[in-house]
Amino acid sequence: MSNSNRKAVSLSTDAIQMIRGLIIGEVITIVLIGGLWLWLRPRLFVNNRQDSVSSQNSEAVSNLTGSTFAQINDMPIGAFNYGGSTAWASIRQLVDSQIQNTRPEFQLLYVNPTDGSPGSGAGIRMLLAGKLDFTQSSRPLTDAEQAQAKKQGLTIEQRQVGMDGVAIVVNPELQVPGLTVEQLQKIYLGQITNWKQVGGKDLPIVPLSQSPENADTLLFPNQPADKQNLSSQVEYVYSTTEALRRLKTTPGSVYYASARGVINQCGVKLLPLGLTSEQLVSLYREPVVQSNQCPRQRNQLNTAVIKNATYPLTAKLFVMIQQNQGQEQQVGEAYAKLLLTEQGQRAITQAGFVPVNSQEIAAN
């Protein structure tokens, strides 16, 4: 077709307006999409970066803490009874509550004895009587307890999870530089009866103790609780709380107990203890808080002297587990595994005790 024969094609006004509207709409869409991208891009970058940092932090925490409560497999599901040592009170308050928060399927109920005072001995008796799934103890089994377990066809495993010191507690007015382990033991054997015999003033000694079978600490660590053979002069108390009341009102009295349970008490003081009078070691962490500063400030336990064995009298913390291939064994082993994770050992340190893991666990 020649140019002369071509006819001009004209568009109507409506068509032109429709095309113009389509073009403007496309431009507006492009502008909106571009603006939305410019607004989202930095936020997406930050979120991605935060996710990456969070992932790195989680990995770092995992590497730092090693094993945690959440990593223990095959946890029993249900509510389980346990009991035992009063020295474990801070562990029950701090560590066991952390376990409950992390593993809510594993519910723990502390059960007091229906007769007698609570303690390591009572917990072991209740375990042998089938009233507990496992028990906590601050001392090993006695010969009598082992014989009773054997008679019932039971084997009890003693799983150590921590350490404590045995503190020597007296009235704060008593002026004695300290005691040797031998002097302390002679006091409870009735061979030393006056404080003047160990460097104090002329004042009769009133030795206080829980019944050795129920006590959470042992004065003669190489002898079982039923072979302690304390003097007839020893006055027995129901609990450490009762002993602390007696100490405040009886200037010549003395008591031995879990260091963690008495270290921050007002109105009493702990005596240094040593193998010789030249090697007396205090359980107080420096600086020592004076009695007139308590309770605004409280003394703390020097766990280093327990850990490095310079303090001569210590107690081991055991989970007592029935080896019966049943629920009790599963529950006791699960609890011990939790305490022996790095998280558990750190929590035991925070509760004021010495961990047993080979790694150095620092309290945060």
# chains A, B, ... in the order shown; residues from 1 in each chain; ligands from 1
$ residues_around --residues "A:Gln323" --least-positions-apart "6" --cutoff "8 Å" --atoms "only C-alpha atoms" --output "VMD selection string"
chain A and resid 154 to 157 329
$ select_by_dssp --residues "stretch 127-340 of chain A" --states "helix (DSSP H, G or I)" --output "mmCIF file with C-alpha atoms, in the first residue's frame"
data_model
loop_
_atom_site.group_PDB
_atom_site.id
_atom_site.type_symbol
_atom_site.label_atom_id
_atom_site.label_comp_id
_atom_site.auth_asym_id
_atom_site.auth_seq_id
_atom_site.Cartn_x
_atom_site.Cartn_y
_atom_site.Cartn_z
ATOM 1 C CA LEU A 127 12.925 -45.301 101.156
ATOM 2 C CA LEU A 128 13.374 -48.812 102.567
ATOM 3 C CA ASP A 143 25.881 -50.832 108.434
ATOM 4 C CA ALA A 144 22.387 -51.296 109.870
ATOM 5 C CA GLU A 145 20.749 -49.626 106.854
ATOM 6 C CA GLN A 146 22.738 -51.763 104.436
ATOM 7 C CA ALA A 147 21.804 -54.886 106.403
ATOM 8 C CA GLN A 148 18.122 -53.882 106.365
ATOM 9 C CA ALA A 149 18.223 -53.303 102.608
ATOM 10 C CA LYS A 150 19.863 -56.688 102.066
ATOM 11 C CA LYS A 151 17.246 -58.352 104.273
ATOM 12 C CA VAL A 181 39.302 -32.144 114.864
ATOM 13 C CA GLU A 182 40.687 -34.223 117.729
ATOM 14 C CA GLN A 183 39.566 -31.662 120.341
ATOM 15 C CA LEU A 184 36.100 -31.516 118.811
ATOM 16 C CA GLN A 185 35.737 -35.267 118.840
ATOM 17 C CA LYS A 186 36.966 -35.462 122.446
ATOM 18 C CA ILE A 187 34.268 -32.939 123.425
ATOM 19 C CA TYR A 188 31.588 -35.255 122.027
ATOM 20 C CA TRP A 195 36.291 -24.535 127.458
ATOM 21 C CA LYS A 196 39.389 -23.684 129.526
ATOM 22 C CA GLN A 197 40.851 -27.000 128.325
ATOM 23 C CA VAL A 198 40.961 -25.628 124.759
ATOM 24 C CA ALA A 225 26.040 -43.003 111.849
ATOM 25 C CA ASP A 226 25.057 -45.939 114.071
ATOM 26 C CA LYS A 227 28.648 -46.272 115.350
ATOM 27 C CA THR A 240 19.172 -27.447 113.691
ATOM 28 C CA THR A 241 16.587 -24.720 114.328
ATOM 29 C CA GLU A 242 16.212 -25.916 117.924
ATOM 30 C CA ALA A 243 19.992 -26.122 118.302
ATOM 31 C CA LEU A 244 20.430 -22.513 117.134
ATOM 32 C CA ARG A 245 17.930 -21.342 119.764
ATOM 33 C CA ARG A 246 19.849 -23.230 122.447
ATOM 34 C CA LEU A 247 23.177 -21.788 121.299
ATOM 35 C CA LYS A 248 21.885 -18.227 121.660
ATOM 36 C CA THR A 249 20.751 -18.796 125.269
ATOM 37 C CA ALA A 259 27.856 -25.438 106.905
ATOM 38 C CA ARG A 260 25.426 -24.249 104.249
ATOM 39 C CA GLY A 261 22.573 -24.435 106.734
ATOM 40 C CA VAL A 262 24.174 -22.229 109.414
ATOM 41 C CA SER A 291 27.257 -9.692 114.354
ATOM 42 C CA ASN A 292 26.099 -6.068 114.606
ATOM 43 C CA GLN A 293 25.857 -5.925 110.794
ATOM 44 C CA THR A 303 33.537 -23.119 99.345
ATOM 45 C CA ALA A 304 37.173 -22.947 98.197
ATOM 46 C CA VAL A 305 38.447 -24.419 101.485
ATOM 47 C CA ILE A 306 36.040 -27.339 101.083
ATOM 48 C CA LYS A 307 36.963 -27.855 97.451
ATOM 49 C CA GLN A 327 9.928 -46.995 88.625
ATOM 50 C CA GLU A 328 11.876 -46.051 91.765
ATOM 51 C CA GLN A 329 15.201 -46.742 90.077
ATOM 52 C CA GLN A 330 14.172 -44.847 86.946
ATOM 53 C CA VAL A 331 13.058 -41.814 88.977
ATOM 54 C CA GLY A 332 16.137 -41.763 91.226
ATOM 55 C CA GLU A 333 18.541 -42.118 88.309
ATOM 56 C CA ALA A 334 16.745 -39.381 86.364
ATOM 57 C CA TYR A 335 17.034 -36.983 89.321
ATOM 58 C CA ALA A 336 20.731 -37.765 89.812
ATOM 59 C CA LYS A 337 21.398 -37.282 86.090
ATOM 60 C CA LEU A 338 19.756 -33.850 86.251
ATOM 61 C CA LEU A 339 21.946 -32.805 89.190
#
$ closest_residue --among "A:Val161, A:Ala215, A:Ala347, A:Val237" --to "A:Thr68" --atoms "only C-alpha atoms"
A:Ala347
$ residues_around --residues "stretch 189-193 of chain A" --least-positions-apart "4" --cutoff "6 Å" --atoms "only C-alpha atoms" --output "PyMOL selection string"
chain A and resi 205+230-231
$ atom_distance --atom1 "atom CA of A:Asn264" --atom2 "atom CA of A:Gln300"
6.2 Å
$ residues_around --residues "A:Val289" --least-positions-apart "3" --cutoff "10 Å" --atoms "only C-alpha atoms" --output "number ranges by chain"
A: 264, 266, 284-286, 292-300
$ select_by_dssp --residues "stretch 226-334 of chain A" --states "strand (DSSP E or B)" --output "mmCIF file with C-alpha atoms, in the first residue's frame"
data_model
loop_
_atom_site.group_PDB
_atom_site.id
_atom_site.type_symbol
_atom_site.label_atom_id
_atom_site.label_comp_id
_atom_site.auth_asym_id
_atom_site.auth_seq_id
_atom_site.Cartn_x
_atom_site.Cartn_y
_atom_site.Cartn_z
ATOM 1 C CA GLU A 235 22.137 -33.240 124.718
ATOM 2 C CA TYR A 236 20.019 -34.191 121.706
ATOM 3 C CA SER A 253 27.012 -24.834 124.094
ATOM 4 C CA VAL A 254 28.438 -26.178 120.834
ATOM 5 C CA TYR A 255 26.796 -27.840 117.829
ATOM 6 C CA TYR A 256 27.927 -29.354 114.520
ATOM 7 C CA ALA A 257 25.840 -29.058 111.373
ATOM 8 C CA SER A 258 25.771 -28.513 107.624
ATOM 9 C CA LYS A 269 29.275 -17.944 115.084
ATOM 10 C CA LEU A 270 31.344 -20.667 113.433
ATOM 11 C CA LEU A 273 38.697 -25.984 112.576
ATOM 12 C CA GLY A 274 41.984 -27.667 111.735
ATOM 13 C CA VAL A 281 40.669 -22.845 108.828
ATOM 14 C CA TYR A 284 33.650 -17.712 106.457
ATOM 15 C CA LEU A 301 30.437 -19.853 102.788
ATOM 16 C CA THR A 314 33.321 -32.372 105.083
ATOM 17 C CA ALA A 315 30.146 -34.192 104.107
ATOM 18 C CA LYS A 316 29.175 -35.785 100.798
ATOM 19 C CA LEU A 317 25.748 -35.254 99.269
ATOM 20 C CA PHE A 318 24.173 -38.444 97.916
ATOM 21 C CA VAL A 319 21.075 -39.340 95.937
ATOM 22 C CA MET A 320 19.997 -42.743 97.290
ATOM 23 C CA ILE A 321 18.612 -44.876 94.462
ATOM 24 C CA GLN A 322 16.919 -48.266 94.650
#
$ closest_residue --among "A:Asp96, A:Asp115, A:Asp202, A:Glu105" --to "A:Gln136" --atoms "only C-alpha atoms"
A:Asp96
$ closest_residue --among "A:Asn308, A:Thr349, A:Thr135, A:Ser120" --to "A:Leu108" --atoms "only C-alpha atoms"
A:Thr135
$ closest_residue --among "A:Leu132, A:Ala351, A:Ala89, A:Leu340" --to "A:Arg159" --atoms "only C-alpha atoms"
A:Leu340
$ residues_around --residues "A:Gln98" --least-positions-apart "5" --cutoff "12 Å" --atoms "only C-alpha atoms" --output "list in words"
Thr68, Phe69, Ala70, Ile91, Arg92, Gln93, Arg103, Pro104, Phe106, Gln107, Leu108, Leu338, Leu339, Gln343, Gly344, Arg346, Ala347, Ile348, Gln350 and Ala351 of chain A
$ closest_residue --among "A:Leu313, A:Ala129, A:Leu203, A:Val95" --to "A:Leu218" --atoms "only C-alpha atoms"
A:Leu313
